[in-house]
$ cat input-v5.tsv   # TSV, C-alpha atoms
chain	number	residue	atom	x	y	z
N	78	MET	CA	-13.81	10.09	-17.68
N	79	ASP	CA	-14.85	7.54	-15.13
N	80	PHE	CA	-12.22	5.87	-12.96
N	81	THR	CA	-14.56	4.43	-10.36
N	82	ASN	CA	-14.98	0.75	-9.68
N	83	LYS	CA	-17.60	-0.61	-12.14
N	84	ASN	CA	-20.26	-3.22	-11.40
N	85	LEU	CA	-19.98	-6.17	-13.80
N	86	TRP	CA	-22.90	-8.52	-13.03
N	87	VAL	CA	-25.23	-9.40	-10.16
N	88	LEU	CA	-23.87	-12.06	-7.82
N	89	PHE	CA	-26.98	-12.59	-5.65
N	90	GLU	CA	-29.76	-10.59	-4.03
N	91	TRP	CA	-29.78	-9.71	-0.32
N	92	ASN	CA	-33.05	-8.31	1.08
N	93	GLY	CA	-33.97	-7.16	-2.43
N	94	GLU	CA	-30.67	-5.29	-2.82
N	95	PRO	CA	-28.46	-6.68	-5.60
N	96	ILE	CA	-24.86	-7.52	-4.62
N	97	TYR	CA	-22.63	-6.92	-7.62
N	98	VAL	CA	-19.42	-8.55	-8.78
N	99	THR	CA	-17.22	-5.49	-9.24
N	100	GLN	CA	-13.98	-5.13	-11.18
N	101	THR	CA	-12.05	-5.19	-7.90
N	102	LEU	CA	-13.72	-8.43	-6.80
N	103	LEU	CA	-12.97	-10.12	-10.13
N	104	SER	CA	-9.30	-9.17	-10.12
N	105	THR	CA	-8.99	-10.14	-6.43
N	106	TRP	CA	-10.29	-13.61	-7.35
N	107	VAL	CA	-7.77	-13.87	-10.20
N	108	VAL	CA	-4.90	-12.86	-7.89
N	109	MET	CA	-6.09	-15.31	-5.22
N	110	GLY	CA	-6.34	-18.10	-7.82
N	111	VAL	CA	-2.78	-17.48	-9.04
N	112	LEU	CA	-1.44	-17.45	-5.46
N	113	ILE	CA	-3.32	-20.65	-4.53
N	114	VAL	CA	-2.08	-22.48	-7.65
N	115	LEU	CA	1.48	-21.34	-6.87
N	116	ALA	CA	1.18	-22.56	-3.27
N	117	VAL	CA	-0.19	-25.96	-4.37
N	118	VAL	CA	2.61	-26.38	-6.94
N	119	VAL	CA	5.25	-25.60	-4.29
N	120	ARG	CA	3.58	-28.01	-1.83
N	121	LEU	CA	3.52	-30.84	-4.40
N	122	ARG	CA	7.16	-30.37	-5.31
N	123	ILE	CA	8.43	-29.98	-1.74
N	124	SER	CA	8.91	-33.75	-1.34
N	125	SER	CA	11.39	-33.80	-4.22
N	126	PHE	CA	13.50	-31.00	-2.68
N	127	LYS	CA	17.09	-32.02	-1.99
N	128	GLY	CA	19.83	-30.80	0.35
N	129	VAL	CA	21.60	-28.94	-2.43
N	130	PRO	CA	19.05	-26.59	-4.08
N	131	LYS	CA	18.75	-26.42	-7.87
N	132	GLY	CA	16.46	-24.58	-10.28
N	133	PHE	CA	12.90	-24.21	-8.96
N	134	GLN	CA	13.91	-25.05	-5.39
N	135	ASN	CA	16.53	-22.28	-5.51
N	136	VAL	CA	13.93	-19.64	-6.37
N	137	ILE	CA	11.56	-20.70	-3.59
N	138	GLU	CA	14.32	-20.93	-0.99
N	139	THR	CA	15.63	-17.46	-1.94
N	140	LEU	CA	12.15	-15.94	-1.57
N	141	VAL	CA	11.52	-17.55	1.82
N	142	GLU	CA	14.99	-16.64	3.08
N	143	LEU	CA	14.63	-13.00	1.96
N	144	THR	CA	11.33	-12.58	3.81
N	145	SER	CA	12.48	-14.28	6.97
N	146	ASN	CA	15.66	-12.17	7.01
N	147	LEU	CA	13.53	-9.04	6.52
N	148	ALA	CA	11.31	-10.11	9.43
N	149	ARG	CA	14.31	-10.81	11.66
N	150	ASP	CA	15.97	-7.48	10.80
N	151	ASN	CA	12.82	-5.45	11.46
N	152	MET	CA	11.17	-7.34	14.32
N	153	GLY	CA	14.00	-9.13	16.11
N	154	ALA	CA	14.50	-12.88	16.52
N	155	GLU	CA	11.56	-13.22	18.96
N	156	LEU	CA	8.92	-12.40	16.35
N	157	ASP	CA	10.41	-13.84	13.18
N	158	GLY	CA	7.69	-16.51	13.20
N	159	LEU	CA	5.39	-13.81	11.82
N	160	GLY	CA	7.51	-13.72	8.66
N	161	GLY	CA	5.16	-16.17	6.90
N	162	TYR	CA	2.18	-13.85	7.39
N	163	PHE	CA	4.10	-10.89	5.98
N	164	PHE	CA	5.32	-13.04	3.07
N	165	SER	CA	1.72	-13.74	2.05
N	166	ILE	CA	0.73	-10.08	2.50
N	167	PHE	CA	3.69	-9.00	0.36
N	168	GLY	CA	2.85	-11.55	-2.35
N	169	PHE	CA	-0.80	-10.52	-2.43
N	170	ILE	CA	-0.06	-6.78	-2.67
N	171	LEU	CA	2.68	-7.30	-5.28
N	172	LEU	CA	0.49	-9.47	-7.53
N	173	SER	CA	-2.45	-7.09	-7.04
N	174	ASN	CA	-0.34	-4.13	-8.14
N	175	TYR	CA	1.00	-6.06	-11.13
N	176	SER	CA	-2.48	-7.22	-12.21
N	177	GLY	CA	-2.86	-3.74	-13.77
N	178	LEU	CA	-0.35	-4.86	-16.38
N	179	PHE	CA	-2.72	-7.60	-17.60
N	180	GLY	CA	-5.67	-5.30	-18.19
N	181	LEU	CA	-7.35	-5.95	-14.83
N	182	ARG	CA	-8.13	-3.14	-12.41
N	183	SER	CA	-5.70	-3.41	-9.47
N	184	PRO	CA	-7.56	-4.52	-6.33
N	185	THR	CA	-5.32	-2.16	-4.34
N	186	ALA	CA	-6.75	0.82	-6.29
N	187	ASP	CA	-9.91	0.32	-4.17
N	188	LEU	CA	-10.10	1.70	-0.64
N	189	ALA	CA	-11.97	-1.41	0.58
N	190	THR	CA	-9.05	-3.76	-0.13
N	191	THR	CA	-6.38	-1.53	1.39
N	192	ALA	CA	-8.55	-0.74	4.42
N	193	ALA	CA	-9.02	-4.49	5.01
N	194	LEU	CA	-5.26	-5.07	4.81
N	195	ALA	CA	-4.56	-2.12	7.13
N	196	LEU	CA	-7.16	-3.36	9.66
N	197	MET	CA	-5.44	-6.76	9.71
N	198	THR	CA	-2.18	-4.96	10.55
N	199	PHE	CA	-3.99	-2.87	13.19
N	200	PHE	CA	-5.36	-5.91	15.03
N	201	MET	CA	-2.02	-7.66	14.71
N	202	ILE	CA	-0.16	-4.69	16.27
N	203	HIS	CA	-2.39	-4.72	19.34
N	204	ALA	CA	-2.74	-8.50	19.69
N	205	VAL	CA	1.03	-9.02	19.55
N	206	GLY	CA	1.61	-5.99	21.79
N	207	LEU	CA	-0.84	-7.28	24.41
N	208	TYR	CA	0.63	-10.80	24.22
N	209	LYS	CA	4.25	-9.65	24.54
N	210	ARG	CA	3.95	-6.77	27.00
N	211	ARG	CA	0.95	-7.83	29.16
N	212	GLY	CA	0.32	-5.06	31.74
N	213	LYS	CA	2.98	-2.75	30.38
N	214	TYR	CA	0.95	-2.54	27.14
N	215	PHE	CA	-1.61	-0.29	28.85
N	216	LYS	CA	1.05	1.70	30.63
N	217	ASP	CA	2.60	2.61	27.25
N	218	PHE	CA	-0.47	4.72	26.45
N	219	LEU	CA	0.30	6.95	29.46
N	220	GLU	CA	3.88	7.66	28.37
N	221	PRO	CA	5.57	10.09	28.79
N	222	ILE	CA	2.87	11.81	30.93
N	223	PRO	CA	-0.78	10.66	31.45
N	224	VAL	CA	-2.18	13.92	30.01
N	225	LEU	CA	-1.05	12.78	26.56
N	226	LEU	CA	-3.43	9.76	26.54
N	227	PRO	CA	-5.80	11.20	23.86
N	228	ILE	CA	-2.87	12.10	21.62
N	229	ASN	CA	-1.47	8.56	21.95
N	230	LEU	CA	-4.90	7.08	21.09
N	231	ILE	CA	-5.20	9.30	18.00
N	232	GLY	CA	-1.68	8.28	17.00
N	233	GLU	CA	-2.66	4.61	17.22
N	234	LEU	CA	-5.81	5.15	15.16
N	235	SER	CA	-3.97	7.11	12.48
N	236	LYS	CA	-1.59	4.21	11.74
N	237	PRO	CA	-4.07	1.99	9.82
N	238	ILE	CA	-5.61	5.05	8.14
N	239	SER	CA	-2.29	6.28	6.79
N	240	LEU	CA	-1.28	2.73	5.75
N	241	ALA	CA	-4.53	2.25	3.83
N	242	PHE	CA	-4.52	5.70	2.18
N	243	ARG	CA	-0.86	5.47	1.16
N	244	LEU	CA	-1.30	2.24	-0.80
N	245	PHE	CA	-4.71	3.28	-2.19
N	246	GLY	CA	-3.55	6.77	-3.25
N	247	ASN	CA	-0.41	5.53	-4.96
N	248	MET	CA	-2.17	2.82	-6.94
N	249	LEU	CA	-5.23	4.92	-7.86
N	250	CYS	CA	-2.89	7.71	-8.96
N	251	GLY	CA	-1.25	5.26	-11.40
N	252	VAL	CA	-4.65	4.08	-12.70
N	253	ILE	CA	-5.85	7.68	-13.27
N	254	ILE	CA	-2.68	8.90	-14.98
N	255	MET	CA	-2.53	5.83	-17.25
N	256	GLY	CA	-6.23	6.24	-18.08
N	257	LEU	CA	-5.76	9.92	-18.96
N	258	ILE	CA	-2.76	9.12	-21.17
N	259	TYR	CA	-4.58	6.30	-22.98
N	260	GLY	CA	-7.52	8.65	-23.50
N	261	MET	CA	-5.27	11.41	-24.83
N	262	LEU	CA	-3.28	9.38	-27.39
N	263	PRO	CA	-4.71	8.38	-30.77
N	264	ILE	CA	-5.17	4.61	-31.18
N	265	ALA	CA	-2.13	4.21	-33.45
N	266	LEU	CA	0.21	5.57	-30.76
N	267	ARG	CA	-1.17	3.47	-27.87
N	268	ILE	CA	1.15	0.53	-28.56
N	269	LEU	CA	4.66	1.55	-27.46
N	270	LEU	CA	4.60	5.02	-25.88
N	271	PRO	CA	2.69	4.26	-22.65
N	272	ASP	CA	4.97	1.28	-21.90
N	273	VAL	CA	7.60	3.61	-20.46
N	274	LEU	CA	5.02	4.91	-17.99
N	275	HIS	CA	3.82	1.38	-17.21
N	276	VAL	CA	7.37	0.56	-16.11
N	277	TYR	CA	7.22	3.38	-13.57
N	278	PHE	CA	3.60	3.38	-12.41
N	279	ASP	CA	3.01	-0.38	-12.32
N	280	ILE	CA	6.34	-2.15	-11.91
N	281	LEU	CA	8.44	0.30	-9.85
N	282	VAL	CA	5.73	1.91	-7.70
N	283	GLY	CA	3.97	-1.44	-7.30
N	284	ALA	CA	7.03	-3.21	-5.91
N	285	LEU	CA	8.00	-0.20	-3.77
N	286	GLN	CA	4.55	0.17	-2.21
N	287	ALA	CA	4.29	-3.56	-1.48
N	288	TYR	CA	7.70	-3.41	0.24
N	289	ILE	CA	6.80	-0.25	2.16
N	290	PHE	CA	3.47	-1.64	3.36
N	291	THR	CA	5.16	-4.83	4.60
N	292	VAL	CA	8.11	-3.11	6.27
N	293	LEU	CA	5.98	-0.42	7.92
N	294	SER	CA	3.62	-3.08	9.29
N	295	MET	CA	6.61	-4.97	10.68
N	296	THR	CA	8.00	-1.79	12.24
N	297	PHE	CA	4.67	-0.96	13.90
N	298	VAL	CA	4.29	-4.50	15.29
N	299	ALA	CA	7.87	-4.50	16.63
N	300	GLN	CA	7.44	-1.01	18.12
N	301	LYS	CA	4.35	-2.01	20.11
N	302	ALA	CA	5.78	-5.39	21.11
N	303	GLY	CA	8.99	-3.74	22.29
N	304	THR	CA	11.26	-6.26	20.58
N	305	ARG	CA	13.14	-3.62	18.66
A	132	MET	CA	-25.91	32.05	-12.04
A	133	ASP	CA	-26.63	28.36	-11.68
A	134	PRO	CA	-25.45	27.51	-8.14
A	135	LYS	CA	-24.51	23.94	-9.12
A	136	ALA	CA	-22.22	25.13	-11.89
A	137	PHE	CA	-20.60	27.62	-9.50
A	138	ILE	CA	-19.93	24.89	-6.89
A	139	LEU	CA	-18.55	22.51	-9.54
A	140	GLY	CA	-16.23	25.18	-10.91
A	141	CYS	CA	-14.96	26.12	-7.46
A	142	SER	CA	-14.46	22.41	-6.65
A	143	ALA	CA	-12.34	21.95	-9.76
A	144	LEU	CA	-10.20	24.93	-8.70
A	145	ALA	CA	-9.92	23.53	-5.17
A	146	ALA	CA	-8.86	20.13	-6.52
A	147	GLY	CA	-6.11	21.87	-8.46
A	148	ILE	CA	-4.97	23.71	-5.34
A	149	CYS	CA	-4.93	20.39	-3.42
A	150	THR	CA	-2.19	19.07	-5.69
A	151	LEU	CA	0.08	21.80	-4.25
A	152	SER	CA	0.42	19.55	-1.19
A	153	GLY	CA	2.90	17.61	-3.32
A	154	LEU	CA	5.25	20.58	-2.92
A	155	GLY	CA	6.12	19.88	0.70
A	156	SER	CA	6.50	16.15	0.40
A	157	GLY	CA	8.57	16.47	-2.77
A	158	LEU	CA	10.92	18.85	-0.96
A	159	GLY	CA	11.14	16.50	2.02
A	160	GLN	CA	11.83	13.45	-0.13
A	161	GLY	CA	14.52	15.35	-2.00
A	162	ILE	CA	16.25	16.32	1.25
A	163	ALA	CA	15.98	12.71	2.50
A	164	ALA	CA	17.50	11.33	-0.72
A	165	GLY	CA	20.31	13.89	-0.60
A	166	LYS	CA	21.16	13.02	3.00
A	167	ALA	CA	21.04	9.30	2.13
A	168	ALA	CA	23.49	9.89	-0.73
A	169	GLU	CA	25.77	11.72	1.73
A	170	ALA	CA	25.54	8.85	4.20
A	171	VAL	CA	26.35	6.25	1.53
A	172	GLY	CA	29.27	8.37	0.36
A	173	ARG	CA	30.65	8.53	3.89
A	174	GLN	CA	29.99	4.87	4.73
A	175	PRO	CA	29.56	2.76	1.55
A	176	GLU	CA	29.31	-0.54	3.46
A	177	ALA	CA	26.05	0.57	5.17
A	178	ARG	CA	24.32	1.05	1.81
A	179	GLY	CA	21.52	-1.49	2.39
A	180	ALA	CA	20.50	-0.14	5.80
A	181	VAL	CA	20.61	3.48	4.57
A	182	MET	CA	18.52	2.61	1.51
A	183	SER	CA	15.74	0.88	3.45
A	184	THR	CA	15.62	3.61	6.11
A	185	MET	CA	15.42	6.27	3.39
A	186	LEU	CA	12.62	4.43	1.55
A	187	ILE	CA	10.52	4.17	4.73
A	188	GLY	CA	11.13	7.84	5.56
A	189	ALA	CA	10.21	8.89	2.05
A	190	ALA	CA	7.03	6.84	2.21
A	191	VAL	CA	6.00	8.47	5.47
A	192	ALA	CA	6.76	11.93	4.05
A	193	GLU	CA	4.61	11.08	1.06
A	194	THR	CA	1.52	10.54	3.20
A	195	CYS	CA	0.60	14.22	3.39
A	196	SER	CA	0.59	14.65	-0.38
A	197	ILE	CA	-1.50	11.48	-0.65
A	198	TYR	CA	-4.03	13.12	1.68
A	199	GLY	CA	-4.10	16.07	-0.71
A	200	LEU	CA	-4.73	13.70	-3.61
A	201	ILE	CA	-7.58	12.00	-1.72
A	202	ILE	CA	-9.23	15.38	-1.03
A	203	ALA	CA	-8.87	16.32	-4.70
A	204	LEU	CA	-10.46	13.00	-5.73
A	205	ILE	CA	-13.36	13.45	-3.30
A	206	LEU	CA	-13.97	16.95	-4.67
A	207	LEU	CA	-13.94	15.69	-8.25
A	208	MET	CA	-15.77	12.37	-7.99
A	209	ALA	CA	-17.98	12.35	-4.88
A	210	ASN	CA	-18.54	16.02	-4.19
A	211	PRO	CA	-20.23	16.44	-0.79
A	212	LEU	CA	-21.00	20.14	-1.39
A	213	ILE	CA	-23.59	19.47	-4.13
A	214	ALA	CA	-25.79	17.71	-1.59
A	215	LEU	CA	-25.95	20.90	0.51
A	216	LEU	CA	-27.85	22.83	-2.18
$ encode --input "input-v5.tsv" --output "structure tokens"
Amino acid sequence: MDFTNKNLWVLFEWNGEPIYVTQTLLSTWVVMGVLIVLAVVVRLRISSFKGVPKGFQNVIETLVELTSNLARDNMGAELDGLGGYFFSIFGFILLSNYSGLFGLRSPTADLATTAALALMTFFMIHAVGLYKRRGKYFKDFLEPIPVLLPINLIGELSKPISLAFRLFGNMLCGVIIMGLIYGMLPIALRILLPDVLHVYFDILVGALQAYIFTVLSMTFVAQKAGTR
Amino acid sequence: MDPKAFILGCSALAAGICTLSGLGSGLGQGIAAGKAAEAVGRQPEARGAVMSTMLIGAAVAETCSIYGLIIALILLMANPLIALL
């Protein structure tokens, strides 16, 4: 069986090499489209929001409040302005993980997507750390004794790698196990039985991994910035 | 014997052995969940904080078994040893 990312059609040619639209790219576009439409709908309805929330406004306010509370709890009041960034990261990962339920291949089951997300966290950790701590940022690498500098550097580099591999491994594991089970069952039995496993591998693990990625990123940023 | 078949067979065995790395992280996660249950039993009002701390700890403990999974996948899907023949 083949669980790798398949090429769908040629997008354009670059120096004679074809650049393909892959399954990951297609489902990333779908997820991005859904998120953009959602954002535009919220923006259009924001002028009709009232002091006392009702219905649609209630849902949006709950979501924003939850994320900003999470940011304040994990990063302290100084950095809770970053909550919006982590809200969008959380929404993207959650919708990506759930796109497996609609027959798409999850974008997070591809190392390229998760490595990109982890690199964004990596640059954010060091940019915020440098901005908040100034000169002390470099001194932190020599703690507790200067001999440990290489170990500290390796520790910093291993953060994005473990973030990327954790998300990728969990989601790809779900894709492979579901693929094996669909391949094993006869067609008549494929309707109801795998749903139980979809609840675990897509809904539960998807939400948990999105939460863990967001909270771990917040913890790393706060650790380096020294606000927590 | 065909050397390629020998390498592929050994790689399949090695991929199976790699899944044993789940042993350690499963044990660790079980201990973490047990301690979290103890903590909630002793202090039920701190349930939210205990839960989120436990989830993060369990996720970090899971990393090593994920590395095992990645090695197993590399051995099965993009075997680097075949190129050495």
$ closest_atom_pairs --input "input-v5.tsv" --of "chain N" --to "chain A" --cutoff "8 Å" --atoms "all atoms listed in the file" --output "Markdown table"
| residue | atom | partner | partner_atom | distance |
| --- | --- | --- | --- | --- |
| N:Ser239 | CA | A:Thr194 | CA | 6.7 |
| N:Phe242 | CA | A:Ile197 | CA | 7.1 |
| N:Arg243 | CA | A:Thr194 | CA | 6.0 |
| N:Gly246 | CA | A:Ile197 | CA | 5.8 |
| N:Asn247 | CA | A:Ile197 | CA | 7.4 |
| N:Ile289 | CA | A:Ile187 | CA | 6.3 |
| N:Val292 | CA | A:Ile187 | CA | 7.8 |
| N:Leu293 | CA | A:Ile187 | CA | 7.2 |
$ write_last_selection --input "input-v5.tsv" --atoms "C-alpha atoms" --output "mmCIF file, keeping the file's coordinate frame"
data_model
loop_
_atom_site.group_PDB
_atom_site.id
_atom_site.type_symbol
_atom_site.label_atom_id
_atom_site.label_comp_id
_atom_site.auth_asym_id
_atom_site.auth_seq_id
_atom_site.Cartn_x
_atom_site.Cartn_y
_atom_site.Cartn_z
ATOM 1 C CA SER N 239 -2.290 6.280 6.790
ATOM 2 C CA PHE N 242 -4.520 5.700 2.180
ATOM 3 C CA ARG N 243 -0.860 5.470 1.160
ATOM 4 C CA GLY N 246 -3.550 6.770 -3.250
ATOM 5 C CA ASN N 247 -0.410 5.530 -4.960
ATOM 6 C CA ILE N 289 6.800 -0.250 2.160
ATOM 7 C CA VAL N 292 8.110 -3.110 6.270
ATOM 8 C CA LEU N 293 5.980 -0.420 7.920
#
$ atom_distance --input "input-v5.tsv" --atom1 "CA of Met197 (chain N)" --atom2 "CA of Ile202 (chain A)"
24.9 Å
$ closest_residue --input "input-v5.tsv" --among "N:Leu159, N:Ile238, N:Leu85, N:Cys250" --to "Ala203 (chain A)" --atoms "all atoms listed in the file"
N:Cys250
$ atom_distance --input "input-v5.tsv" --atom1 "CA of Gly157 (chain A)" --atom2 "CA of Val252 (chain N)"
20.7 Å
$ atom_distance --input "input-v5.tsv" --atom1 "CA of Arg182 (chain N)" --atom2 "CA of Leu194 (chain N)"
17.6 Å
